[in-house]
Amino acid sequence: MYNVLIVEDSKLSRTAIEHQLLAERCFNIVTSIESAANADILCMGGNIDLVLMDICTANDESGLKAAGRIKSHYPEIKLVMMTSMPEHSFIQKARESSCDSFWYKEHSSMDIAEVCRRTMLGESIWPPDSPQLSIGAAKSSDFTDRELEVIRELVGGHTYSEIAQTLKVSENTVKFHIKSIMQKTGFKNTLQLVADVVEKKFIMPKY
Amino acid sequence: MRLFNKDRIRLSRAVREAIDSYPEGLCFSSEDGKPILVNTQMNRLISLLTGHTIIETVHLWNELSAISETSSGCKRITMTENEAFDINKLIFRYPDGRIWRFEKSVLQSDGQITIQLKADDITELTSVSRELLKNNQKLAAMNKRQKALLKDIVEINRDKEFLAAKMRIHDEFGRCLVATKKALSDHSIAESMDMLVSGWRSAIQGMSVIPLQQKETSPEEELRKVASMIGCRINMIGEQPKKNPALNLLYAAIREGLTNAVRHAGADELTVELTHGNGFCHAEISSNGSTEATQITEGVGLGSLRKSLEQEGAVMEIKCENGVRMIIDLPEELSN
C-alpha cells in the first residue's frame, strides 16, 4: 500500500483523482491539499511515498518549486507532476526538479492511476513533448530556444534593453530574434504576440 | 421470464432516475430522430425555446438553429465576437440570465448510432471568457496588465476543466445508453445485468462527485491542517493582514517557522503574535521547542524567505534568546 499526498487546487480534479486512485486498492490517500507551499511540510512527517503535484496551485504557489524542495530533502519520495497547461517549459522544469513522472490532465492517453502505479514500480512516465499550439501563423515547435526565451521576457513586460541585459546579448540581437518571431507568427507587433501567447498559456512566467 | 422483467424494470428505473437527477440537459435519440431518453431539464429548456417538448431531434436541431429570439425572452448569442461558427453548437441566453450551450454529437457502438443532444450551463464560463477578451484589449494598451491577466488565465482554466469533466460524464451516460439499448435489442439483458448496473452506477457516481462550486482556498485552514498532521499546533494571536500579498508573505514566514521549529527544535506548538501600526504588520513567530540554539545559520529556506520579504520592503530579524524567534515587519500595502 502506497501513501499518497495530492496537491491540487481544483476540487473537481482532486476528487476525480482521489476516486481513481482509491479504486486501485494499492493507494492510501494521506490527504489532499490545495497549495504546493504546504507540501514539503507534510513530507516531513515521514509517511508519504508518492506526491501528485499540480503545477499551478492555490495562491499562485508553484508545484515545480515545491517539487524541487521535496526532492532535495526527501529523494526517496516519488513525485508525479501534473498539469492542464500547455506551457512549453513545464516538462523540462519538472525534469530539472528531479520529478519521476509527468502527466497531462487533458492530453494523456494513460490514466493517472496507471502513471502512479508504474512510477511506484520504478518507471518514469513522461510525455514526448508539450501539446502543440498555434501561435499566430506559427506552430509552437517552430520557435528556437532563444526565441522562446525572448518571448518569455516580453511576456514579463520587459523592454528590449532589459531583455538584452538578462540574456547577456546586444539589443540588436534581441531585435533580430523579435523580427524572426514576427515573421514566423505574422503578428504586426509584440503586443499581439504577447496576448496570443498568454491567452493560450504557452508561457506562464509565474511558474 | 419474471426475473427478466423485474431486472428490466429495475434497470429502467435506475436509468430514468439518473438521467432526471442530472442538472444539465440530456437527450438521446435514434439516427432518424426518434427520442430514446430525454431528461426533465432538457425538456424544460427546449420548451422555453420552442414552446413544445422534444418530439423528434432532426427537425428540432434545424428549428433551434433558426431561432434568434423567442417570445419567451430567450436569445441566441455567441461566446465571443471571434468565436468560430460550429453548426453542432448553439448558445442561448434564457430570461433568468443563465446561458446554455446546446451541442449535438453522434455516438457509435457496434454499428449502432445514437444522436446525443446535451445542454450545458456555461454562464460562468461565458462571463470569464468575456473578461478574458476585455483583458486582452487592455493588454494591447498597457503591458502592466499582463500580471493580472495571467492570474485570470489560471482561473479560467479551472472553469474549463470543470466543463470538460461535465462533458465526460455526458459521454459516459451515452455509452451506458448504447450498451443498454443493445442488450435490450439482443434480449441479453439478464446476462448483461451486472455489467450494465455497474456502468450506470459508475456514471451516477461520477456525476455525484462533481462539486457544485469551487471552494476558495483558505490559507489558514490548510496551514493549520498541515501543521496538525506533523504534530504541531498553531496559535495565532492578533489580526492578520487584510490584503493578499502581505498575507501570503506572512504565511510563507509561518511555514518556514513551522518547518524549522518542528525539524530542528522538536516543537509541538508554534505561536504567531501579530500587531499593527504605522502601515506595518509586526509579526513574532516563536515555538515551545528546544531553547538550546544560540545562533542560526540561514539555509536555503530562510534565505529565500528573506529575499522575498526584502523585495517587498519587509524586514526580518532572527533572535536566539531562550529559543528562536522570527520577527518580521511587513508593509500592509504591497504592490501586487
# chains A, B, ... in the order shown; residues from 1 in each chain; ligands from 1
>>> select_by_dssp(residues="region 97-139 of chain B", states="helix (DSSP H, G or I)", output="list of chain:residue names")
B:Thr123, B:Glu124, B:Leu125, B:Thr126, B:Ser127, B:Val128, B:Ser129, B:Arg130, B:Glu131, B:Leu132, B:Leu133, B:Lys134, B:Asn135, B:Asn136, B:Gln137, B:Lys138, B:Leu139
>>> closest_atom_pairs(of="region 79-132 of chain A", to="region 146-156 of chain A", cutoff="12 Å", atoms="only C-alpha atoms", output="JSON lines")
{"residue": "A:Glu87", "atom": "CA", "partner": "A:Arg152", "partner_atom": "CA", "distance": 10.8}
{"residue": "A:His88", "atom": "CA", "partner": "A:Leu148", "partner_atom": "CA", "distance": 8.9}
{"residue": "A:Ser89", "atom": "CA", "partner": "A:Leu148", "partner_atom": "CA", "distance": 9.3}
>>> write_last_selection(atoms="N, CA, C and O atoms", output="short mmCIF file (atom, residue, chain, number, x, y, z; two decimals), in the first residue's frame")
data_model
loop_
_atom_site.label_atom_id
_atom_site.label_comp_id
_atom_site.auth_asym_id
_atom_site.auth_seq_id
_atom_site.Cartn_x
_atom_site.Cartn_y
_atom_site.Cartn_z
N GLU A 87 2.05 25.02 -21.24
CA GLU A 87 3.29 25.79 -21.16
C GLU A 87 4.47 24.94 -21.64
O GLU A 87 4.69 23.84 -21.14
N HIS A 88 5.25 25.50 -22.58
CA HIS A 88 6.26 24.67 -23.25
C HIS A 88 7.41 24.24 -22.35
O HIS A 88 8.05 23.23 -22.60
N SER A 89 7.68 25.01 -21.28
CA SER A 89 8.87 24.71 -20.47
C SER A 89 8.59 23.77 -19.29
O SER A 89 9.50 23.40 -18.56
#
>>> atom_distance(atom1="CA of Gly277 (chain B)", atom2="CA of Asp329 (chain B)")
10.0 Å
>>> closest_residue(among="A:Asn3, A:Ser101, A:Ser10, A:Gln183", to="chain B", atoms="only C-alpha atoms")
A:Ser10
>>> residues_around(residues="region 117-126 of chain A", least_positions_apart="4", cutoff="7 Å", atoms="only C-alpha atoms", output="short mmCIF file (atom, residue, chain, number, x, y, z; two decimals) with C-alpha atoms, in the first residue's frame")
data_model
loop_
_atom_site.label_atom_id
_atom_site.label_comp_id
_atom_site.auth_asym_id
_atom_site.auth_seq_id
_atom_site.Cartn_x
_atom_site.Cartn_y
_atom_site.Cartn_z
CA LYS A 78 8.26 9.56 -5.76
CA ASP A 100 9.77 10.91 -11.54
CA SER A 101 6.85 11.23 -13.96
CA PHE A 102 4.73 13.84 -15.71
CA ALA A 113 -3.69 5.65 -11.59
#
>>> interface_residues(of="chain A", to="chain B", cutoff="9 Å", atoms="only C-alpha atoms", output="ChimeraX atom specification")
/A:9-13,15-16,19,33-35,37-45,56,58-60,84-85,106,155-158,191-192,194-196,198-201,204-206
>>> atom_distance(atom1="CA of Asn28 (chain A)", atom2="CA of Ile70 (chain A)")
19.5 Å
>>> residues_around(residues="Gly73 (chain B)", least_positions_apart="5", cutoff="9 Å", atoms="only C-alpha atoms", output="count of residues only")
5
>>> closest_residue(among="B:Glu24, B:Val58, B:Val128, B:Ser287", to="Trp100 (chain B)", atoms="only C-alpha atoms")
B:Glu24
>>> closest_residue(among="B:Glu333, B:Asp86, B:Asp96, B:Glu284", to="Lys243 (chain B)", atoms="only C-alpha atoms")
B:Glu333
